[in-house]
Amino acid sequence: MYAPEFEYRRAESVEHALELLAAHEDARPIAGAHGLLPRLRTGEESASVLVDIGHLDGLTGIDERDDTIRIGALTTHAEIAGSDPVREHAGAMADAASELGDPQVRNGATIGGNLAHGDARADLPAAFLALDGELVVRGVDGDRTVPATDLFKGHFRTVVAPHELITEVRLPIEDESTSAYVKRRNPLSGYALVGVSACLGFAVTDDDARTVETARVAVTGATTKPSRLPGVEAALAGMTVDGEAGRLDETDRLTGAAARATEGFEADDYRADSQTSPEYLAHLLPVYTEQALHRAVEGYRRSR
Amino acid sequence: MDPGLEETNFYDPENFTYPFGTHVAVVEVDPGTGDIEIERYVAVDDCGEIINPLIVEGQVHGGIAQGIAAALYEGAAHDEHARLQTRRMDEYAVPHATMLPDYETDTTVTPSPHNPLGVKGVGESATIAAAPTVVSAVVDALEPFGVDHLDMPITPMAVWRATGGGR
């Protein structure tokens, strides 16, 4: 299918883009164009004016300062997946960025577009939630910040308004922490059927053991909106990573924590398609949560 | 009327040709997730005398891909109002290269006695073989669960249900 006709405007600056977006009802920004254009073609979304921001200066690049990784909104998934600071301090985001689509998509699709679009099957939202990031969102009235936990409202629904632009994605750098993202691809679409991201922060005790101080775990794909998993997080708090001697016990405890992944979800909260039911997704969610926890803990061990 | 030479000839083979072959799949099934992994896929086809081996190999590869797709991925689904639910490429599982195994292929050459070249068809051989090969392998793997039949496509959810999931 072809997209209905739209007007194409090439913004000259962020401010110009915001003016164009404010001036036209039903105007939408595009950058990598991998989220919106396919949906214009299927008629699932409409736009009379597309404001191209993909070429704008100052919105790309990855910067590490003040215990924060700052990722320009136009930074591509490929750049994020290959970034040393992201891999070192926000491994889940690098994992998620590397899992999206195929190389062609990863070289075009941007982090700002991904998060603003709010596709509940996308990979980045789980990592963004688990890493407890925040967005800098610019409107005609200036900048505001949006914490990850406030961003997602449903499938293709976020708190970023059509006339606003994400300019920056911030991820905190935390000491003694680890994060990971695991994905089960939907064979229909390639999107996440289940994607789980875990971020664990440890306290170092006198005997050099590690105790879980912060635990943030989030799901994408399986549910109607990307969500944190509070039951799992509560079960992980205070858990000690005991080293070699405690491995078996640790596996049991991670399994036990992952089993609480479905807490708070009703059947209606799961997505379903022609090859998956809510019950099956509820079955898979703890399985992949456990994988994410193991991957995060193993990653931490390797980095010590 | 312009002068010219014209000749029409018909070749009517005296009988059909019957290509044959054997396909074998080794699959691993994870009852926890329902995942199916094709560990090995071996195909030996006989299409008589081979004129262009590359084309024959290509036909076999493509045919196996289509057969595996029918067995594990592709399925048209309708809702309760008979509306097609699998209209688009993100709703209908056409397998990608990453979803398919390596193929081990070989041929035997049994020339057809019914034509001068000794050739037989190969266009659909692998498609016909691959679907039942993969389905039979999965059903065999699930024999300990008392499974003796599964409808195509055998999705992970179908395996999960067949092995007691959701009950």
# chains A, B, ... in the order shown; residues from 1 in each chain; ligands from 1
call {"tool": "select_by_dssp", "arguments": {"residues": "segment 59-153 of chain B", "states": "helix (DSSP H, G or I)", "output": "count of residues only"}}
result
38
call {"tool": "closest_atom_pairs", "arguments": {"of": "chain B", "to": "chain A", "cutoff": "8 Å", "atoms": "only C-alpha atoms", "output": "Markdown table"}}
result
| residue | atom | partner | partner_atom | distance |
| --- | --- | --- | --- | --- |
| B:Thr33 | CA | A:Leu284 | CA | 6.7 |
| B:Tyr73 | CA | A:Pro187 | CA | 7.4 |
| B:Ala77 | CA | A:Ser274 | CA | 6.1 |
| B:Gln85 | CA | A:Ser274 | CA | 7.0 |
| B:Thr86 | CA | A:Ser274 | CA | 7.5 |
| B:Met89 | CA | A:Ser189 | CA | 7.1 |
| B:Asp90 | CA | A:Ser189 | CA | 4.1 |
| B:Glu91 | CA | A:Leu188 | CA | 5.1 |
| B:Tyr92 | CA | A:Leu188 | CA | 5.2 |
| B:Ala93 | CA | A:Leu188 | CA | 4.1 |
| B:Val94 | CA | A:Leu188 | CA | 7.1 |
| B:Pro95 | CA | A:Pro187 | CA | 7.3 |
| B:Thr155 | CA | A:Gln275 | CA | 6.7 |
| B:Met157 | CA | A:Thr276 | CA | 6.2 |
| B:Trp160 | CA | A:Tyr280 | CA | 7.9 |
| B:Gly166 | CA | A:Glu279 | CA | 6.6 |
call {"tool": "residues_around", "arguments": {"residues": "segment 111-124 of chain A", "least_positions_apart": "3", "cutoff": "7 Å", "atoms": "only C-alpha atoms", "output": "tab-separated table (two decimals) with N, CA, C and O atoms, in the first residue's frame"}}
result
chain	number	residue	atom	x	y	z
A	31	ALA	N	12.48	11.09	11.36
A	31	ALA	CA	13.94	11.12	11.34
A	31	ALA	C	14.42	9.90	10.55
A	31	ALA	O	14.65	9.98	9.35
A	35	GLY	N	9.58	4.00	11.85
A	35	GLY	CA	8.41	3.74	12.67
A	35	GLY	C	7.15	4.25	12.03
A	35	GLY	O	6.16	3.53	11.87
A	73	ALA	N	19.02	12.49	20.37
A	73	ALA	CA	17.81	11.79	19.92
A	73	ALA	C	17.95	11.18	18.54
A	73	ALA	O	17.29	10.20	18.22
A	74	LEU	N	18.81	11.77	17.69
A	74	LEU	CA	18.95	11.25	16.32
A	74	LEU	C	20.03	10.18	16.21
A	74	LEU	O	20.37	9.76	15.11
A	75	THR	N	20.59	9.76	17.33
A	75	THR	CA	21.60	8.70	17.30
A	75	THR	C	20.93	7.39	16.87
A	75	THR	O	19.85	7.05	17.35
A	76	THR	N	21.58	6.69	15.94
A	76	THR	CA	20.96	5.47	15.41
A	76	THR	C	21.20	4.29	16.34
A	76	THR	O	22.11	4.29	17.18
A	77	HIS	N	20.37	3.27	16.15
A	77	HIS	CA	20.53	2.04	16.92
A	77	HIS	C	21.91	1.43	16.72
A	77	HIS	O	22.51	0.90	17.65
A	93	MET	N	20.91	-1.31	27.07
A	93	MET	CA	20.54	-0.46	25.95
A	93	MET	C	21.32	-0.89	24.69
A	93	MET	O	20.76	-0.90	23.59
A	96	ALA	N	19.69	-4.09	23.51
A	96	ALA	CA	18.38	-3.84	22.89
A	96	ALA	C	18.55	-3.21	21.52
A	96	ALA	O	17.88	-3.59	20.56
A	97	ALA	N	19.47	-2.25	21.42
A	97	ALA	CA	19.69	-1.57	20.14
A	97	ALA	C	20.19	-2.55	19.09
A	97	ALA	O	19.87	-2.44	17.90
A	100	LEU	N	17.27	-4.83	17.42
A	100	LEU	CA	16.18	-4.26	16.63
A	100	LEU	C	16.36	-4.58	15.15
A	100	LEU	O	17.43	-4.36	14.58
A	127	ALA	N	14.75	-1.66	28.01
A	127	ALA	CA	16.05	-1.22	28.52
A	127	ALA	C	15.95	0.17	29.14
A	127	ALA	O	16.54	0.44	30.19
A	128	PHE	N	15.21	1.03	28.48
A	128	PHE	CA	15.05	2.41	28.98
A	128	PHE	C	14.40	2.41	30.37
A	128	PHE	O	14.82	3.14	31.27
A	152	PHE	N	5.46	5.70	28.87
A	152	PHE	CA	4.63	4.82	28.05
A	152	PHE	C	3.20	4.77	28.57
A	152	PHE	O	2.95	4.51	29.74
A	154	GLY	N	0.65	3.24	26.44
A	154	GLY	CA	-0.03	2.15	25.75
A	154	GLY	C	0.64	1.93	24.41
A	154	GLY	O	1.67	2.55	24.12
A	155	HIS	N	0.08	1.03	23.60
A	155	HIS	CA	0.66	0.73	22.30
A	155	HIS	C	0.60	1.97	21.41
A	155	HIS	O	-0.48	2.47	21.13
A	156	PHE	N	1.74	2.48	21.01
A	156	PHE	CA	1.86	3.71	20.21
A	156	PHE	C	1.33	4.94	20.95
A	156	PHE	O	0.91	5.91	20.33
A	157	ARG	N	1.34	4.89	22.26
A	157	ARG	CA	0.92	6.06	23.03
A	157	ARG	C	1.99	6.40	24.06
A	157	ARG	O	2.34	5.58	24.91
A	158	THR	N	2.52	7.61	23.96
A	158	THR	CA	3.48	8.10	24.95
A	158	THR	C	3.07	9.50	25.37
A	158	THR	O	2.17	10.09	24.78
A	160	VAL	N	4.89	12.03	25.01
A	160	VAL	CA	5.49	13.00	24.10
A	160	VAL	C	4.41	13.44	23.10
A	160	VAL	O	3.88	12.60	22.36
A	166	ILE	N	11.82	14.92	21.16
A	166	ILE	CA	12.82	14.44	22.10
A	166	ILE	C	14.17	14.95	21.59
A	166	ILE	O	14.47	14.81	20.39
A	191	TYR	N	9.62	-8.21	15.72
A	191	TYR	CA	9.59	-7.43	16.95
A	191	TYR	C	9.69	-8.38	18.14
A	191	TYR	O	9.61	-9.60	17.98
A	192	ALA	N	9.81	-7.80	19.35
A	192	ALA	CA	9.89	-8.64	20.54
A	192	ALA	C	8.53	-9.28	20.82
A	192	ALA	O	7.53	-8.59	20.96
A	193	LEU	N	8.53	-10.61	20.86
A	193	LEU	CA	7.35	-11.29	21.38
A	193	LEU	C	7.38	-11.14	22.90
A	193	LEU	O	6.37	-10.83	23.53
A	195	GLY	N	10.38	-9.31	25.47
A	195	GLY	CA	11.70	-8.72	25.71
A	195	GLY	C	11.77	-8.31	27.17
A	195	GLY	O	10.86	-7.66	27.67
A	220	THR	N	8.92	-5.69	27.57
A	220	THR	CA	8.33	-5.11	26.37
A	220	THR	C	7.80	-6.25	25.50
A	220	THR	O	8.19	-7.40	25.68
A	221	GLY	N	6.92	-5.94	24.61
A	221	GLY	CA	6.45	-6.95	23.65
A	221	GLY	C	5.30	-7.79	24.14
A	221	GLY	O	4.28	-7.90	23.47
A	224	THR	N	0.63	-4.92	26.78
A	224	THR	CA	0.08	-3.85	25.95
A	224	THR	C	0.86	-2.55	26.09
A	224	THR	O	0.73	-1.67	25.26
A	225	LYS	N	1.62	-2.42	27.16
A	225	LYS	CA	2.58	-1.32	27.21
A	225	LYS	C	3.82	-1.77	27.97
A	225	LYS	O	3.75	-2.63	28.86
A	226	PRO	N	4.98	-1.20	27.59
A	226	PRO	CA	6.21	-1.57	28.29
A	226	PRO	C	6.07	-1.22	29.76
A	226	PRO	O	5.63	-0.13	30.10
call {"tool": "residues_around", "arguments": {"residues": "Thr255 of chain A", "least_positions_apart": "5", "cutoff": "12 Å", "atoms": "only C-alpha atoms", "output": "list in words"}}
result
Val232, Ala235, Leu236, Leu248, Asp249, Glu250, Arg260, Ala261, Leu285, Pro286, Val287, Tyr288, Thr289, Glu290, Gln291, Ala292, Leu293 and His294 of chain A
call {"tool": "write_last_selection", "arguments": {"atoms": "C-alpha atoms", "output": "JSON list (two decimals), in the first residue's frame"}}
result
[["chain", "number", "residue", "atom", "x", "y", "z"],
["A", 232, "VAL", "CA", 10.45, -9.43, 40.50],
["A", 235, "ALA", "CA", 12.00, -10.46, 45.27],
["A", 236, "LEU", "CA", 15.53, -9.50, 44.19],
["A", 248, "LEU", "CA", 22.98, -23.47, 42.68],
["A", 249, "ASP", "CA", 21.15, -21.65, 45.38],
["A", 250, "GLU", "CA", 21.36, -18.47, 43.32],
["A", 260, "ARG", "CA", 6.76, -13.14, 40.05],
["A", 261, "ALA", "CA", 7.02, -11.46, 36.62],
["A", 285, "LEU", "CA", 7.39, -13.92, 30.62],
["A", 286, "PRO", "CA", 9.01, -15.57, 33.69],
["A", 287, "VAL", "CA", 11.16, -17.76, 31.42],
["A", 288, "TYR", "CA", 12.72, -14.73, 29.71],
["A", 289, "THR", "CA", 12.83, -12.74, 32.95],
["A", 290, "GLU", "CA", 14.99, -15.47, 34.41],
["A", 291, "GLN", "CA", 17.26, -15.38, 31.37],
["A", 292, "ALA", "CA", 17.64, -11.62, 31.69],
["A", 293, "LEU", "CA", 18.52, -11.92, 35.39],
["A", 294, "HIS", "CA", 21.11, -14.61, 34.73]]
call {"tool": "select_by_dssp", "arguments": {"residues": "chain B", "states": "strand (DSSP E or B)", "output": "PyMOL selection string"}}
result
chain B and resi 20-29+36-46+48+78+84+104-107+119
call {"tool": "atom_distance", "arguments": {"atom1": "atom CA of Arg138 of chain A", "atom2": "atom CA of Pro172 of chain A"}}
result
20.2 Å
call {"tool": "residues_around", "arguments": {"residues": "Thr223 of chain A", "least_positions_apart": "6", "cutoff": "8 Å", "atoms": "only C-alpha atoms", "output": "tab-separated table (two decimals) with N, CA, C and O atoms, in the first residue's frame"}}
result
chain	number	residue	atom	x	y	z
A	120	ALA	N	4.73	-0.84	21.49
A	120	ALA	CA	4.84	-1.72	22.67
A	120	ALA	C	5.62	-2.99	22.36
A	120	ALA	O	5.87	-3.79	23.26
A	269	ASP	N	-4.02	-7.62	29.72
A	269	ASP	CA	-2.80	-6.82	29.67
A	269	ASP	C	-1.76	-7.42	28.74
A	269	ASP	O	-0.75	-6.77	28.44
A	270	TYR	N	-1.98	-8.65	28.30
A	270	TYR	CA	-1.03	-9.28	27.38
A	270	TYR	C	-1.46	-9.05	25.95
A	270	TYR	O	-2.65	-9.00	25.65
A	271	ARG	N	-0.48	-8.93	25.08
A	271	ARG	CA	-0.77	-8.84	23.67
A	271	ARG	C	-1.00	-10.27	23.14
A	271	ARG	O	-0.57	-11.23	23.74
call {"tool": "residues_around", "arguments": {"residues": "segment 2-18 of chain A", "least_positions_apart": "4", "cutoff": "9 Å", "atoms": "only C-alpha atoms", "output": "PyMOL selection string"}}
result
chain A and resi 22-23+29+37-43+46-57+59+138-140+163-165+167
call {"tool": "decode", "arguments": {"residues": "segment 242-286 of chain A", "atoms": "N, CA and C atoms", "output": "PDB file, in the first residue's frame"}}
result
ATOM      1  N   ASP A 242      26.629 -14.914  45.775  1.00  0.00           N
ATOM      2  CA  ASP A 242      27.573 -15.573  46.667  1.00  0.00           C
ATOM      3  C   ASP A 242      28.820 -16.126  46.005  1.00  0.00           C
ATOM      4  N   GLY A 243      28.967 -15.942  44.728  1.00  0.00           N
ATOM      5  CA  GLY A 243      30.128 -16.537  44.086  1.00  0.00           C
ATOM      6  C   GLY A 243      29.900 -18.007  43.827  1.00  0.00           C
ATOM      7  N   GLU A 244      30.988 -18.703  43.548  1.00  0.00           N
ATOM      8  CA  GLU A 244      30.911 -20.079  43.071  1.00  0.00           C
ATOM      9  C   GLU A 244      30.078 -20.979  43.989  1.00  0.00           C
ATOM     10  N   ALA A 245      30.331 -20.885  45.303  1.00  0.00           N
ATOM     11  CA  ALA A 245      29.686 -21.804  46.239  1.00  0.00           C
ATOM     12  C   ALA A 245      28.172 -21.662  46.210  1.00  0.00           C
ATOM     13  N   GLY A 246      27.702 -20.462  45.931  1.00  0.00           N
ATOM     14  CA  GLY A 246      26.271 -20.235  46.026  1.00  0.00           C
ATOM     15  C   GLY A 246      25.529 -20.330  44.712  1.00  0.00           C
ATOM     16  N   ARG A 247      26.201 -20.776  43.656  1.00  0.00           N
ATOM     17  CA  ARG A 247      25.584 -20.727  42.332  1.00  0.00           C
ATOM     18  C   ARG A 247      24.242 -21.471  42.248  1.00  0.00           C
ATOM     19  N   LEU A 248      24.209 -22.681  42.793  1.00  0.00           N
ATOM     20  CA  LEU A 248      22.982 -23.475  42.678  1.00  0.00           C
ATOM     21  C   LEU A 248      21.841 -22.791  43.390  1.00  0.00           C
ATOM     22  N   ASP A 249      22.144 -22.344  44.598  1.00  0.00           N
ATOM     23  CA  ASP A 249      21.146 -21.648  45.385  1.00  0.00           C
ATOM     24  C   ASP A 249      20.704 -20.380  44.657  1.00  0.00           C
ATOM     25  N   GLU A 250      21.668 -19.703  44.035  1.00  0.00           N
ATOM     26  CA  GLU A 250      21.363 -18.469  43.324  1.00  0.00           C
ATOM     27  C   GLU A 250      20.391 -18.732  42.177  1.00  0.00           C
ATOM     28  N   THR A 251      20.624 -19.824  41.455  1.00  0.00           N
ATOM     29  CA  THR A 251      19.727 -20.151  40.345  1.00  0.00           C
ATOM     30  C   THR A 251      18.302 -20.322  40.841  1.00  0.00           C
ATOM     31  N   ASP A 252      18.155 -21.029  41.974  1.00  0.00           N
ATOM     32  CA  ASP A 252      16.818 -21.212  42.546  1.00  0.00           C
ATOM     33  C   ASP A 252      16.177 -19.878  42.878  1.00  0.00           C
ATOM     34  N   ARG A 253      16.985 -18.987  43.453  1.00  0.00           N
ATOM     35  CA  ARG A 253      16.411 -17.720  43.882  1.00  0.00           C
ATOM     36  C   ARG A 253      16.064 -16.825  42.690  1.00  0.00           C
ATOM     37  N   LEU A 254      16.892 -16.856  41.657  1.00  0.00           N
ATOM     38  CA  LEU A 254      16.552 -16.076  40.456  1.00  0.00           C
ATOM     39  C   LEU A 254      15.296 -16.639  39.796  1.00  0.00           C
ATOM     40  N   THR A 255      15.172 -17.966  39.804  1.00  0.00           N
ATOM     41  CA  THR A 255      13.953 -18.580  39.261  1.00  0.00           C
ATOM     42  C   THR A 255      12.738 -18.131  40.061  1.00  0.00           C
ATOM     43  N   GLY A 256      12.907 -18.120  41.375  1.00  0.00           N
ATOM     44  CA  GLY A 256      11.806 -17.706  42.241  1.00  0.00           C
ATOM     45  C   GLY A 256      11.415 -16.254  42.000  1.00  0.00           C
ATOM     46  N   ALA A 257      12.418 -15.388  41.839  1.00  0.00           N
ATOM     47  CA  ALA A 257      12.134 -13.974  41.583  1.00  0.00           C
ATOM     48  C   ALA A 257      11.441 -13.815  40.229  1.00  0.00           C
ATOM     49  N   ALA A 258      11.948 -14.538  39.224  1.00  0.00           N
ATOM     50  CA  ALA A 258      11.382 -14.411  37.872  1.00  0.00           C
ATOM     51  C   ALA A 258       9.938 -14.888  37.827  1.00  0.00           C
ATOM     52  N   ALA A 259       9.609 -15.834  38.705  1.00  0.00           N
ATOM     53  CA  ALA A 259       8.240 -16.366  38.714  1.00  0.00           C
ATOM     54  C   ALA A 259       7.217 -15.292  39.058  1.00  0.00           C
ATOM     55  N   ARG A 260       7.690 -14.209  39.672  1.00  0.00           N
ATOM     56  CA  ARG A 260       6.760 -13.143  40.052  1.00  0.00           C
ATOM     57  C   ARG A 260       6.562 -12.112  38.934  1.00  0.00           C
ATOM     58  N   ALA A 261       7.090 -12.417  37.743  1.00  0.00           N
ATOM     59  CA  ALA A 261       7.016 -11.457  36.625  1.00  0.00           C
ATOM     60  C   ALA A 261       5.585 -11.141  36.219  1.00  0.00           C
ATOM     61  N   THR A 262       4.695 -12.095  36.396  1.00  0.00           N
ATOM     62  CA  THR A 262       3.325 -11.891  35.908  1.00  0.00           C
ATOM     63  C   THR A 262       2.446 -11.173  36.930  1.00  0.00           C
ATOM     64  N   GLU A 263       2.999 -10.876  38.106  1.00  0.00           N
ATOM     65  CA  GLU A 263       2.200 -10.212  39.139  1.00  0.00           C
ATOM     66  C   GLU A 263       1.639  -8.890  38.629  1.00  0.00           C
ATOM     67  N   GLY A 264       0.361  -8.703  38.845  1.00  0.00           N
ATOM     68  CA  GLY A 264      -0.261  -7.433  38.481  1.00  0.00           C
ATOM     69  C   GLY A 264      -0.826  -7.382  37.075  1.00  0.00           C
ATOM     70  N   PHE A 265      -0.521  -8.377  36.252  1.00  0.00           N
ATOM     71  CA  PHE A 265      -1.065  -8.392  34.886  1.00  0.00           C
ATOM     72  C   PHE A 265      -2.313  -9.270  34.824  1.00  0.00           C
ATOM     73  N   GLU A 266      -3.345  -8.768  34.161  1.00  0.00           N
ATOM     74  CA  GLU A 266      -4.537  -9.570  33.863  1.00  0.00           C
ATOM     75  C   GLU A 266      -4.407 -10.084  32.430  1.00  0.00           C
ATOM     76  N   ALA A 267      -5.286 -11.005  32.051  1.00  0.00           N
ATOM     77  CA  ALA A 267      -5.226 -11.570  30.693  1.00  0.00           C
ATOM     78  C   ALA A 267      -5.274 -10.467  29.635  1.00  0.00           C
ATOM     79  N   ASP A 268      -6.067  -9.425  29.884  1.00  0.00           N
ATOM     80  CA  ASP A 268      -6.195  -8.327  28.920  1.00  0.00           C
ATOM     81  C   ASP A 268      -4.923  -7.505  28.770  1.00  0.00           C
ATOM     82  N   ASP A 269      -4.023  -7.622  29.723  1.00  0.00           N
ATOM     83  CA  ASP A 269      -2.800  -6.821  29.671  1.00  0.00           C
ATOM     84  C   ASP A 269      -1.757  -7.417  28.738  1.00  0.00           C
ATOM     85  N   TYR A 270      -1.979  -8.654  28.301  1.00  0.00           N
ATOM     86  CA  TYR A 270      -1.026  -9.282  27.385  1.00  0.00           C
ATOM     87  C   TYR A 270      -1.464  -9.051  25.946  1.00  0.00           C
ATOM     88  N   ARG A 271      -0.481  -8.933  25.076  1.00  0.00           N
ATOM     89  CA  ARG A 271      -0.771  -8.841  23.665  1.00  0.00           C
ATOM     90  C   ARG A 271      -1.001 -10.268  23.142  1.00  0.00           C
ATOM     91  N   ALA A 272      -1.682 -10.390  22.034  1.00  0.00           N
ATOM     92  CA  ALA A 272      -1.870 -11.716  21.449  1.00  0.00           C
ATOM     93  C   ALA A 272      -1.899 -11.546  19.940  1.00  0.00           C
ATOM     94  N   ASP A 273      -1.576 -12.600  19.214  1.00  0.00           N
ATOM     95  CA  ASP A 273      -1.699 -12.554  17.761  1.00  0.00           C
ATOM     96  C   ASP A 273      -2.127 -13.928  17.282  1.00  0.00           C
ATOM     97  N   SER A 274      -2.038 -14.164  15.973  1.00  0.00           N
ATOM     98  CA  SER A 274      -2.588 -15.409  15.444  1.00  0.00           C
ATOM     99  C   SER A 274      -1.824 -16.636  15.947  1.00  0.00           C
ATOM    100  N   GLN A 275      -0.609 -16.432  16.480  1.00  0.00           N
ATOM    101  CA  GLN A 275       0.173 -17.588  16.917  1.00  0.00           C
ATOM    102  C   GLN A 275       0.496 -17.570  18.412  1.00  0.00           C
ATOM    103  N   THR A 276      -0.016 -16.592  19.148  1.00  0.00           N
ATOM    104  CA  THR A 276       0.237 -16.565  20.588  1.00  0.00           C
ATOM    105  C   THR A 276      -1.004 -16.108  21.342  1.00  0.00           C
ATOM    106  N   SER A 277      -1.231 -16.734  22.477  1.00  0.00           N
ATOM    107  CA  SER A 277      -2.357 -16.359  23.337  1.00  0.00           C
ATOM    108  C   SER A 277      -1.814 -15.643  24.575  1.00  0.00           C
ATOM    109  N   PRO A 278      -2.665 -14.917  25.289  1.00  0.00           N
ATOM    110  CA  PRO A 278      -2.222 -14.304  26.548  1.00  0.00           C
ATOM    111  C   PRO A 278      -1.645 -15.330  27.526  1.00  0.00           C
ATOM    112  N   GLU A 279      -2.245 -16.512  27.576  1.00  0.00           N
ATOM    113  CA  GLU A 279      -1.761 -17.535  28.514  1.00  0.00           C
ATOM    114  C   GLU A 279      -0.324 -17.958  28.170  1.00  0.00           C
ATOM    115  N   TYR A 280      -0.060 -18.088  26.866  1.00  0.00           N
ATOM    116  CA  TYR A 280       1.285 -18.496  26.449  1.00  0.00           C
ATOM    117  C   TYR A 280       2.296 -17.388  26.769  1.00  0.00           C
ATOM    118  N   LEU A 281       1.914 -16.133  26.546  1.00  0.00           N
ATOM    119  CA  LEU A 281       2.815 -15.025  26.864  1.00  0.00           C
ATOM    120  C   LEU A 281       3.069 -14.961  28.371  1.00  0.00           C
ATOM    121  N   ALA A 282       2.010 -15.214  29.165  1.00  0.00           N
ATOM    122  CA  ALA A 282       2.184 -15.221  30.622  1.00  0.00           C
ATOM    123  C   ALA A 282       3.115 -16.356  31.042  1.00  0.00           C
ATOM    124  N   HIS A 283       3.129 -17.422  30.269  1.00  0.00           N
ATOM    125  CA  HIS A 283       4.055 -18.522  30.542  1.00  0.00           C
ATOM    126  C   HIS A 283       5.490 -18.133  30.166  1.00  0.00           C
ATOM    127  N   LEU A 284       5.646 -17.446  29.036  1.00  0.00           N
ATOM    128  CA  LEU A 284       6.998 -17.103  28.572  1.00  0.00           C
ATOM    129  C   LEU A 284       7.643 -15.993  29.404  1.00  0.00           C
ATOM    130  N   LEU A 285       6.822 -15.093  29.943  1.00  0.00           N
ATOM    131  CA  LEU A 285       7.388 -13.924  30.615  1.00  0.00           C
ATOM    132  C   LEU A 285       8.368 -14.291  31.738  1.00  0.00           C
ATOM    133  N   PRO A 286       8.020 -15.194  32.666  1.00  0.00           N
ATOM    134  CA  PRO A 286       9.010 -15.568  33.694  1.00  0.00           C
ATOM    135  C   PRO A 286      10.239 -16.268  33.109  1.00  0.00           C
TER     136      PRO A 286
END
